Structure formats: C-alpha cells, structure tokens
Amino acid sequence: MKLGIDIMGGDFAPVATIEGVISAYGDLPADVTLVLFGDESVIKTHLAQYNFPISNIEIVHCPDAIGMGEKPTRALSLKPESSIAKGFSMLAGKEIDAFASAGNTGAMLAGAVLNLGTVAGVMRPCITTILPKVNGSLGVMLDVGTNPDCKPEVLKQFAIIGALYAKHILHIEDPRVALLNIGEEDEKGNLLTLSAFGLIKETPEINFVGNVEGHHLFDDKADVIVCDGFTGNIVLKTCEAFYMLTRKKGFKDPYFDRFNYENYGGTPVLGINASVIIGHGISNAKAIKNMILLTYKVQKAHISEKIKTALSEIIEH
C-alpha cells in the first residue's frame, strides 16, 4: 500500500509534517510505503536532521505549493507542479492508493472531485467529524461543511455513508443513525428535515432511531448523526471553541481532552472514488501522525468501494 502525504500542506509545514511522518512510520505495517510530496531538497534536509533513512520512503519533487488563502480551482490549474495537484494526479493514475494533506481544504475538495469523480450514485461527497461520547465510545456526524445546502435525498445518502463509516472505521456493528433536529418528535423540523426523516425511515438498510437534538450529540442515543453542512459546520466550530475555552480556563478533564483534534488527525472525503484525507490547517506533528494513521485505516477498509456497493444495492431495490 502506498500512502501519499503532502509535506508542504499546513500552517506548520514542513517541520510538523516531517515529524509526523517519522512518528507515524513505526506504527504502520511493513508493507506500507509513504510517498512524500514536496520540495525534495527541503524534505531530505529535514529527514537528515532526524537521521531518518531515505530508503524508508519515496519522494515526489513538487517545486510549488498551494497556499491556504489561494482560490482552490484556480490554484490547481495554475500550479500543476504543486504538492496537492501532483498528489491527486498520481492518485488518479493509481500510482498511490491514498492521499492526505493538512493544506488548503478547498483545493483538497476540488481536487478530489475533479480528479477522482464521485462514486456512482453519490449526489454530493461529504466530510465528517468524530463525536466523543460520555460513555467512552465514539460517534460520527456528517456533513460538517462541504454542503451548506442539501436536498432530502442527499441527507438520506449521508445516513448510508455515515453508517458505513461507523461500521468499518469505528467498528460499530449496527450503527444507530439519527437526524439532527430541533425536537425529537417525528413531525418536528423544517422542510428539509421533515422530508429527509421520511426518506431515511423508509430505508431498511439504515438502523434509523429518529430525530435527536443538540444535547444528544455526546450521549449514547445514536452512533451517526446526519445534518446539512451548514448546521454541521456550526456545531463543529462551536465544539472546537468550547474545547479551546476549557484549555484557556485551565480546566483539566480526560473527557474534554478527547475533543482535541490532534487525536483524530483529519477527516476523509466520503463519496469519491479513492481515499482522500483532509487534516486541520493548524496540525502539529501529533495531528499529522494521526492523519497518516487514519489514511491507512480508511484505505485498508476500502470505504469508497463499500459506499459504491451499498448505494448500488439500494438503487436496485
């Protein structure tokens, strides 16, 4: 298995990305090769400082990098020699099996769709966030920013995709799926959630447990929580802000430490024809390490293939 890593992506690149690669290397199976995309001289210089053998990795020289503030589609077009553009080119050509970056999120999303295409039947790809549960388990919420506007059919697909992710990555055998709403009653919500509720409820492949409210995000009522990207992004940023507030106030608690993005590394773009992981722009070495380990888990689970199979079976029925 070959995992492509964008060394130039992120606010603290290339130091944090190189350190993350070195840290992750020992936790990966021997048959995994890390392919590093970035300025070859910079990569070799930093690896040499840690006495890390070059033989352990492959380097793809990329003289350009896409900045965090650049317009995604334009940057991909104007910078074909950038680490993100070259990473997607090799992923599309099956020269690597997966690609991960903590760089420009818009460029990663645009590159994924333009170079790889969506899985047959997928209306909109999406991204997720992990929900730490009070009982020690994990849940997942989607979408958290890719699709601010959604149709009911799209939320139904998020329910299917989220359940597959929970089963194969979080190892929850029969994930309970819920719709984020302003009330638990079936008739609550706006036009979008009311319509989506009926569609999800009528899908036998989904273990649908109904509506949940915001105060259910971290309890054990559901394993997968579905919402549009507008709502999901607000929830995500609120959780991040609350976590940072606990740190600023000096509040120490093992549960709240589980909200630290460093522990999860990133999020896969679900619904495209390959494994693509997006890390947080402020990722440090620990976050980069976990981004790489997540990339391995997602690729090993063949999530995109499972989404393709599940959707084709539901369409046929």
# chains A, B, ... in the order shown; residues from 1 in each chain; ligands from 1

$ closest_atom_pairs --of "stretch 53-117 of chain A" --to "stretch 260-269 of chain A" --cutoff "12 Å" --atoms "only C-alpha atoms" --output "CSV"
residue,atom,partner,partner_atom,distance
A:Ala98,CA,A:Pro268,CA,10.4
A:Phe99,CA,A:Pro268,CA,9.9
A:Ala100,CA,A:Pro268,CA,8.8
A:Ser101,CA,A:Gly266,CA,8.9
A:Ala102,CA,A:Gly266,CA,8.0
A:Gly103,CA,A:Gly266,CA,11.3
A:Thr105,CA,A:Val269,CA,10.6
A:Gly106,CA,A:Val269,CA,11.7
A:Met108,CA,A:Val269,CA,9.0
A:Leu109,CA,A:Val269,CA,7.5
A:Ala110,CA,A:Val269,CA,10.7
A:Gly111,CA,A:Val269,CA,10.9
A:Ala112,CA,A:Val269,CA,7.9
A:Val113,CA,A:Val269,CA,9.5
A:Leu116,CA,A:Val269,CA,11.3
A:Gly117,CA,A:Val269,CA,11.5

$ select_by_dssp --residues "stretch 60-244 of chain A" --states "alpha helix (DSSP H)" --output "ChimeraX atom specification"
/A:72-78,83-92,105-116,152-168,191-201,229-244

$ write_last_selection --atoms "C-alpha atoms" --output "PDB file, in the first residue's frame"
ATOM      1  CA  PRO A  72      -8.845  26.270  -4.982  1.00  0.00           C
ATOM      2  CA  THR A  73      -9.762  25.612  -8.607  1.00  0.00           C
ATOM      3  CA  ARG A  74      -7.586  28.427  -9.942  1.00  0.00           C
ATOM      4  CA  ALA A  75      -4.610  27.300  -7.856  1.00  0.00           C
ATOM      5  CA  LEU A  76      -4.907  23.692  -9.027  1.00  0.00           C
ATOM      6  CA  SER A  77      -4.985  24.892 -12.634  1.00  0.00           C
ATOM      7  CA  LEU A  78      -2.099  27.350 -12.340  1.00  0.00           C
ATOM      8  CA  SER A  83       2.183  19.042  -3.935  1.00  0.00           C
ATOM      9  CA  ILE A  84      -1.630  18.845  -3.918  1.00  0.00           C
ATOM     10  CA  ALA A  85      -2.001  18.807  -7.718  1.00  0.00           C
ATOM     11  CA  LYS A  86       0.694  16.161  -8.147  1.00  0.00           C
ATOM     12  CA  GLY A  87      -0.740  14.096  -5.326  1.00  0.00           C
ATOM     13  CA  PHE A  88      -4.140  13.946  -6.994  1.00  0.00           C
ATOM     14  CA  SER A  89      -2.578  13.253 -10.377  1.00  0.00           C
ATOM     15  CA  MET A  90      -0.768  10.203  -9.021  1.00  0.00           C
ATOM     16  CA  LEU A  91      -3.826   9.084  -7.064  1.00  0.00           C
ATOM     17  CA  ALA A  92      -5.991   9.291 -10.178  1.00  0.00           C
ATOM     18  CA  THR A 105      -9.113  22.461   2.284  1.00  0.00           C
ATOM     19  CA  GLY A 106     -10.871  23.907  -0.755  1.00  0.00           C
ATOM     20  CA  ALA A 107      -8.097  22.674  -3.040  1.00  0.00           C
ATOM     21  CA  MET A 108      -8.314  19.211  -1.492  1.00  0.00           C
ATOM     22  CA  LEU A 109     -12.083  19.059  -2.011  1.00  0.00           C
ATOM     23  CA  ALA A 110     -11.900  20.444  -5.539  1.00  0.00           C
ATOM     24  CA  GLY A 111      -9.003  18.160  -6.424  1.00  0.00           C
ATOM     25  CA  ALA A 112     -10.850  15.129  -5.107  1.00  0.00           C
ATOM     26  CA  VAL A 113     -13.974  15.780  -7.164  1.00  0.00           C
ATOM     27  CA  LEU A 114     -12.238  16.980 -10.340  1.00  0.00           C
ATOM     28  CA  ASN A 115      -9.549  14.294 -10.476  1.00  0.00           C
ATOM     29  CA  LEU A 116     -11.317  11.287  -8.989  1.00  0.00           C
ATOM     30  CA  PRO A 152     -33.627  15.404   1.476  1.00  0.00           C
ATOM     31  CA  GLU A 153     -32.205  12.721  -0.828  1.00  0.00           C
ATOM     32  CA  VAL A 154     -28.708  13.930  -0.019  1.00  0.00           C
ATOM     33  CA  LEU A 155     -29.293  13.592   3.721  1.00  0.00           C
ATOM     34  CA  LYS A 156     -30.508  10.059   3.096  1.00  0.00           C
ATOM     35  CA  GLN A 157     -27.226   9.295   1.369  1.00  0.00           C
ATOM     36  CA  PHE A 158     -25.299  10.833   4.254  1.00  0.00           C
ATOM     37  CA  ALA A 159     -27.131   8.412   6.538  1.00  0.00           C
ATOM     38  CA  ILE A 160     -25.999   5.454   4.417  1.00  0.00           C
ATOM     39  CA  ILE A 161     -22.422   6.721   4.099  1.00  0.00           C
ATOM     40  CA  GLY A 162     -22.186   7.591   7.787  1.00  0.00           C
ATOM     41  CA  ALA A 163     -23.387   4.145   8.819  1.00  0.00           C
ATOM     42  CA  LEU A 164     -20.728   2.509   6.620  1.00  0.00           C
ATOM     43  CA  TYR A 165     -18.030   4.731   8.091  1.00  0.00           C
ATOM     44  CA  ALA A 166     -19.134   3.970  11.650  1.00  0.00           C
ATOM     45  CA  LYS A 167     -19.164   0.249  10.930  1.00  0.00           C
ATOM     46  CA  HIS A 168     -15.835  -0.095   9.127  1.00  0.00           C
ATOM     47  CA  LEU A 191     -38.996  21.315   5.231  1.00  0.00           C
ATOM     48  CA  LEU A 192     -35.597  19.673   4.739  1.00  0.00           C
ATOM     49  CA  THR A 193     -35.576  17.557   7.897  1.00  0.00           C
ATOM     50  CA  LEU A 194     -39.261  16.645   7.637  1.00  0.00           C
ATOM     51  CA  SER A 195     -38.747  15.267   4.131  1.00  0.00           C
ATOM     52  CA  ALA A 196     -35.422  13.620   4.977  1.00  0.00           C
ATOM     53  CA  PHE A 197     -36.979  11.944   8.028  1.00  0.00           C
ATOM     54  CA  GLY A 198     -39.465  10.068   5.851  1.00  0.00           C
ATOM     55  CA  LEU A 199     -36.846   9.001   3.324  1.00  0.00           C
ATOM     56  CA  ILE A 200     -34.400   7.696   5.928  1.00  0.00           C
ATOM     57  CA  LYS A 201     -37.137   5.949   7.890  1.00  0.00           C
ATOM     58  CA  GLY A 229     -23.152  21.038   6.045  1.00  0.00           C
ATOM     59  CA  PHE A 230     -24.277  24.463   7.247  1.00  0.00           C
ATOM     60  CA  THR A 231     -25.628  23.107  10.522  1.00  0.00           C
ATOM     61  CA  GLY A 232     -22.795  20.609  10.923  1.00  0.00           C
ATOM     62  CA  ASN A 233     -20.080  23.204  10.482  1.00  0.00           C
ATOM     63  CA  ILE A 234     -21.620  25.466  13.107  1.00  0.00           C
ATOM     64  CA  VAL A 235     -21.786  22.541  15.544  1.00  0.00           C
ATOM     65  CA  LEU A 236     -18.187  21.573  14.763  1.00  0.00           C
ATOM     66  CA  LYS A 237     -16.799  25.096  15.224  1.00  0.00           C
ATOM     67  CA  THR A 238     -18.790  25.517  18.446  1.00  0.00           C
ATOM     68  CA  CYS A 239     -17.291  22.307  19.840  1.00  0.00           C
ATOM     69  CA  GLU A 240     -13.793  23.447  18.857  1.00  0.00           C
ATOM     70  CA  ALA A 241     -14.368  26.819  20.507  1.00  0.00           C
ATOM     71  CA  PHE A 242     -15.658  25.193  23.690  1.00  0.00           C
ATOM     72  CA  TYR A 243     -12.632  22.892  23.835  1.00  0.00           C
ATOM     73  CA  MET A 244     -10.255  25.842  23.427  1.00  0.00           C
TER      74      MET A 244
END

$ select_by_dssp --residues "stretch 148-313 of chain A" --states "strand (DSSP E or B)" --output "VMD selection string"
chain A and resid 176 to 180 207 to 212 224 to 226 266 to 268 270 272 275 to 279

$ write_last_selection --atoms "N, CA and C atoms" --output "PDB file, in the first residue's frame"
ATOM      1  N   ARG A 176     -26.482   3.059  14.932  1.00  0.00           N
ATOM      2  CA  ARG A 176     -27.771   3.737  15.050  1.00  0.00           C
ATOM      3  C   ARG A 176     -27.647   5.121  14.421  1.00  0.00           C
ATOM      4  N   VAL A 177     -28.534   5.407  13.485  1.00  0.00           N
ATOM      5  CA  VAL A 177     -28.473   6.658  12.723  1.00  0.00           C
ATOM      6  C   VAL A 177     -29.599   7.587  13.162  1.00  0.00           C
ATOM      7  N   ALA A 178     -29.267   8.853  13.387  1.00  0.00           N
ATOM      8  CA  ALA A 178     -30.273   9.832  13.788  1.00  0.00           C
ATOM      9  C   ALA A 178     -30.139  11.095  12.953  1.00  0.00           C
ATOM     10  N   LEU A 179     -31.229  11.856  12.903  1.00  0.00           N
ATOM     11  CA  LEU A 179     -31.266  13.117  12.173  1.00  0.00           C
ATOM     12  C   LEU A 179     -31.230  14.261  13.180  1.00  0.00           C
ATOM     13  N   LEU A 180     -30.276  15.187  13.022  1.00  0.00           N
ATOM     14  CA  LEU A 180     -30.181  16.321  13.946  1.00  0.00           C
ATOM     15  C   LEU A 180     -31.338  17.286  13.674  1.00  0.00           C
ATOM     16  N   ASN A 207     -30.321   1.645  10.243  1.00  0.00           N
ATOM     17  CA  ASN A 207     -30.867   1.471  11.585  1.00  0.00           C
ATOM     18  C   ASN A 207     -31.220   2.850  12.135  1.00  0.00           C
ATOM     19  N   PHE A 208     -32.370   3.362  11.672  1.00  0.00           N
ATOM     20  CA  PHE A 208     -32.766   4.733  11.976  1.00  0.00           C
ATOM     21  C   PHE A 208     -33.478   4.804  13.317  1.00  0.00           C
ATOM     22  N   VAL A 209     -32.992   5.715  14.196  1.00  0.00           N
ATOM     23  CA  VAL A 209     -33.590   5.839  15.529  1.00  0.00           C
ATOM     24  C   VAL A 209     -34.342   7.160  15.694  1.00  0.00           C
ATOM     25  N   GLY A 210     -34.516   7.897  14.585  1.00  0.00           N
ATOM     26  CA  GLY A 210     -35.327   9.108  14.631  1.00  0.00           C
ATOM     27  C   GLY A 210     -34.526  10.387  14.793  1.00  0.00           C
ATOM     28  N   ASN A 211     -35.201  11.411  15.290  1.00  0.00           N
ATOM     29  CA  ASN A 211     -34.572  12.717  15.491  1.00  0.00           C
ATOM     30  C   ASN A 211     -33.814  12.778  16.811  1.00  0.00           C
ATOM     31  N   VAL A 212     -32.757  13.587  16.827  1.00  0.00           N
ATOM     32  CA  VAL A 212     -32.076  13.912  18.079  1.00  0.00           C
ATOM     33  C   VAL A 212     -31.862  15.419  18.116  1.00  0.00           C
ATOM     34  N   VAL A 224     -24.464   7.673  14.622  1.00  0.00           N
ATOM     35  CA  VAL A 224     -24.281   8.512  13.434  1.00  0.00           C
ATOM     36  C   VAL A 224     -25.334   9.609  13.464  1.00  0.00           C
ATOM     37  N   ILE A 225     -24.900  10.861  13.374  1.00  0.00           N
ATOM     38  CA  ILE A 225     -25.831  11.978  13.365  1.00  0.00           C
ATOM     39  C   ILE A 225     -25.713  12.699  12.028  1.00  0.00           C
ATOM     40  N   VAL A 226     -26.845  12.843  11.359  1.00  0.00           N
ATOM     41  CA  VAL A 226     -26.894  13.392   9.997  1.00  0.00           C
ATOM     42  C   VAL A 226     -27.437  14.812  10.015  1.00  0.00           C
ATOM     43  N   GLY A 266      -7.734  14.025  11.129  1.00  0.00           N
ATOM     44  CA  GLY A 266      -8.395  14.608   9.964  1.00  0.00           C
ATOM     45  C   GLY A 266      -9.708  13.924   9.668  1.00  0.00           C
ATOM     46  N   THR A 267     -10.203  14.153   8.475  1.00  0.00           N
ATOM     47  CA  THR A 267     -11.479  13.565   8.054  1.00  0.00           C
ATOM     48  C   THR A 267     -11.371  13.091   6.610  1.00  0.00           C
ATOM     49  N   PRO A 268     -11.957  11.954   6.290  1.00  0.00           N
ATOM     50  CA  PRO A 268     -11.969  11.517   4.896  1.00  0.00           C
ATOM     51  C   PRO A 268     -13.034  12.258   4.099  1.00  0.00           C
ATOM     52  N   LEU A 270     -15.793  11.549   1.905  1.00  0.00           N
ATOM     53  CA  LEU A 270     -16.576  10.355   1.619  1.00  0.00           C
ATOM     54  C   LEU A 270     -17.460  10.550   0.394  1.00  0.00           C
ATOM     55  N   ILE A 272     -16.197   9.782  -2.855  1.00  0.00           N
ATOM     56  CA  ILE A 272     -15.373   9.892  -4.060  1.00  0.00           C
ATOM     57  C   ILE A 272     -14.682   8.556  -4.323  1.00  0.00           C
ATOM     58  N   SER A 275      -9.343   7.124  -1.598  1.00  0.00           N
ATOM     59  CA  SER A 275      -9.205   7.526  -0.200  1.00  0.00           C
ATOM     60  C   SER A 275      -8.448   8.844  -0.115  1.00  0.00           C
ATOM     61  N   VAL A 276      -9.154   9.890   0.331  1.00  0.00           N
ATOM     62  CA  VAL A 276      -8.562  11.218   0.484  1.00  0.00           C
ATOM     63  C   VAL A 276      -8.859  11.712   1.892  1.00  0.00           C
ATOM     64  N   ILE A 277      -7.811  12.140   2.601  1.00  0.00           N
ATOM     65  CA  ILE A 277      -7.965  12.611   3.971  1.00  0.00           C
ATOM     66  C   ILE A 277      -7.529  14.060   4.063  1.00  0.00           C
ATOM     67  N   ILE A 278      -8.356  14.879   4.729  1.00  0.00           N
ATOM     68  CA  ILE A 278      -8.042  16.290   4.931  1.00  0.00           C
ATOM     69  C   ILE A 278      -7.736  16.517   6.406  1.00  0.00           C
ATOM     70  N   GLY A 279      -6.548  17.053   6.681  1.00  0.00           N
ATOM     71  CA  GLY A 279      -6.164  17.370   8.052  1.00  0.00           C
ATOM     72  C   GLY A 279      -6.466  18.824   8.385  1.00  0.00           C
TER      73      GLY A 279
END

$ closest_atom_pairs --of "stretch 106-146 of chain A" --to "stretch 294-316 of chain A" --cutoff "7 Å" --atoms "only C-alpha atoms" --output "JSON lines"
{"residue": "A:Val119", "atom": "CA", "partner": "A:Lys308", "partner_atom": "CA", "distance": 5.9}
{"residue": "A:Ala120", "atom": "CA", "partner": "A:Lys308", "partner_atom": "CA", "distance": 6.4}
{"residue": "A:Gly121", "atom": "CA", "partner": "A:Leu311", "partner_atom": "CA", "distance": 6.5}

$ closest_residue --among "A:Leu138, A:Pro125, A:Asp39, A:Gly20" --to "A:Ile172" --atoms "only C-alpha atoms"
A:Leu138

$ closest_residue --among "A:Phe52, A:Asp97, A:Ile7, A:Lys151" --to "A:Asp64" --atoms "only C-alpha atoms"
A:Ile7

$ atom_distance --atom1 "atom CA of A:Glu213" --atom2 "atom CA of A:Leu245"
22.9 Å

$ residues_around --residues "A:Gly136" --least-positions-apart "4" --cutoff "10 Å" --atoms "only C-alpha atoms" --output "list in words"
Pro132, Phe218, Asp219, Asp220, Tyr255 and Arg258 of chain A

$ closest_residue --among "A:Phe259, A:Phe37, A:Asn104, A:Ser55" --to "A:Glu70" --atoms "only C-alpha atoms"
A:Asn104

$ residues_around --residues "A:Ile130" --least-positions-apart "6" --cutoff "7 Å" --atoms "only C-alpha atoms" --output "number ranges by chain"
A: 138-141

$ residues_around --residues "A:Ile288" --least-positions-apart "3" --cutoff "7 Å" --atoms "only C-alpha atoms" --output "MDAnalysis selection string"
chainID A and resid 17 20 265 283:285 291:292

$ write_last_selection --atoms "N, CA, C and O atoms" --output "PDB file, in the first residue's frame"
ATOM      1  N   THR A  17       4.959  18.325   9.401  1.00  0.00           N
ATOM      2  CA  THR A  17       4.613  17.187   8.539  1.00  0.00           C
ATOM      3  C   THR A  17       5.733  16.151   8.521  1.00  0.00           C
ATOM      4  O   THR A  17       5.476  14.949   8.553  1.00  0.00           O
ATOM      5  N   GLY A  20       5.653  14.366  11.789  1.00  0.00           N
ATOM      6  CA  GLY A  20       4.502  13.463  11.809  1.00  0.00           C
ATOM      7  C   GLY A  20       4.756  12.201  11.019  1.00  0.00           C
ATOM      8  O   GLY A  20       4.366  11.101  11.432  1.00  0.00           O
ATOM      9  N   GLY A 265      -6.644  13.469  13.748  1.00  0.00           N
ATOM     10  CA  GLY A 265      -5.825  13.654  12.555  1.00  0.00           C
ATOM     11  C   GLY A 265      -6.490  14.325  11.377  1.00  0.00           C
ATOM     12  O   GLY A 265      -5.880  15.112  10.686  1.00  0.00           O
ATOM     13  N   SER A 283      -2.458  21.715  12.056  1.00  0.00           N
ATOM     14  CA  SER A 283      -1.953  20.427  12.544  1.00  0.00           C
ATOM     15  C   SER A 283      -0.488  20.500  12.973  1.00  0.00           C
ATOM     16  O   SER A 283       0.366  21.007  12.246  1.00  0.00           O
ATOM     17  N   ASN A 284      -0.226  19.958  14.164  1.00  0.00           N
ATOM     18  CA  ASN A 284       1.145  19.777  14.623  1.00  0.00           C
ATOM     19  C   ASN A 284       1.590  18.360  14.279  1.00  0.00           C
ATOM     20  O   ASN A 284       0.880  17.622  13.585  1.00  0.00           O
ATOM     21  N   ALA A 285       2.755  17.954  14.758  1.00  0.00           N
ATOM     22  CA  ALA A 285       3.291  16.644  14.405  1.00  0.00           C
ATOM     23  C   ALA A 285       2.381  15.503  14.853  1.00  0.00           C
ATOM     24  O   ALA A 285       2.190  14.525  14.124  1.00  0.00           O
ATOM     25  N   MET A 291      -3.278  11.750  11.218  1.00  0.00           N
ATOM     26  CA  MET A 291      -3.843  11.883   9.872  1.00  0.00           C
ATOM     27  C   MET A 291      -3.340  10.736   8.988  1.00  0.00           C
ATOM     28  O   MET A 291      -4.096  10.142   8.216  1.00  0.00           O
ATOM     29  N   ILE A 292      -2.062  10.433   9.104  1.00  0.00           N
ATOM     30  CA  ILE A 292      -1.473   9.350   8.310  1.00  0.00           C
ATOM     31  C   ILE A 292      -2.050   7.999   8.725  1.00  0.00           C
ATOM     32  O   ILE A 292      -2.391   7.166   7.877  1.00  0.00           O
TER      33      ILE A 292
END

$ atom_distance --atom1 "atom CA of A:Thr118" --atom2 "atom CA of A:Ile206"
21.5 Å
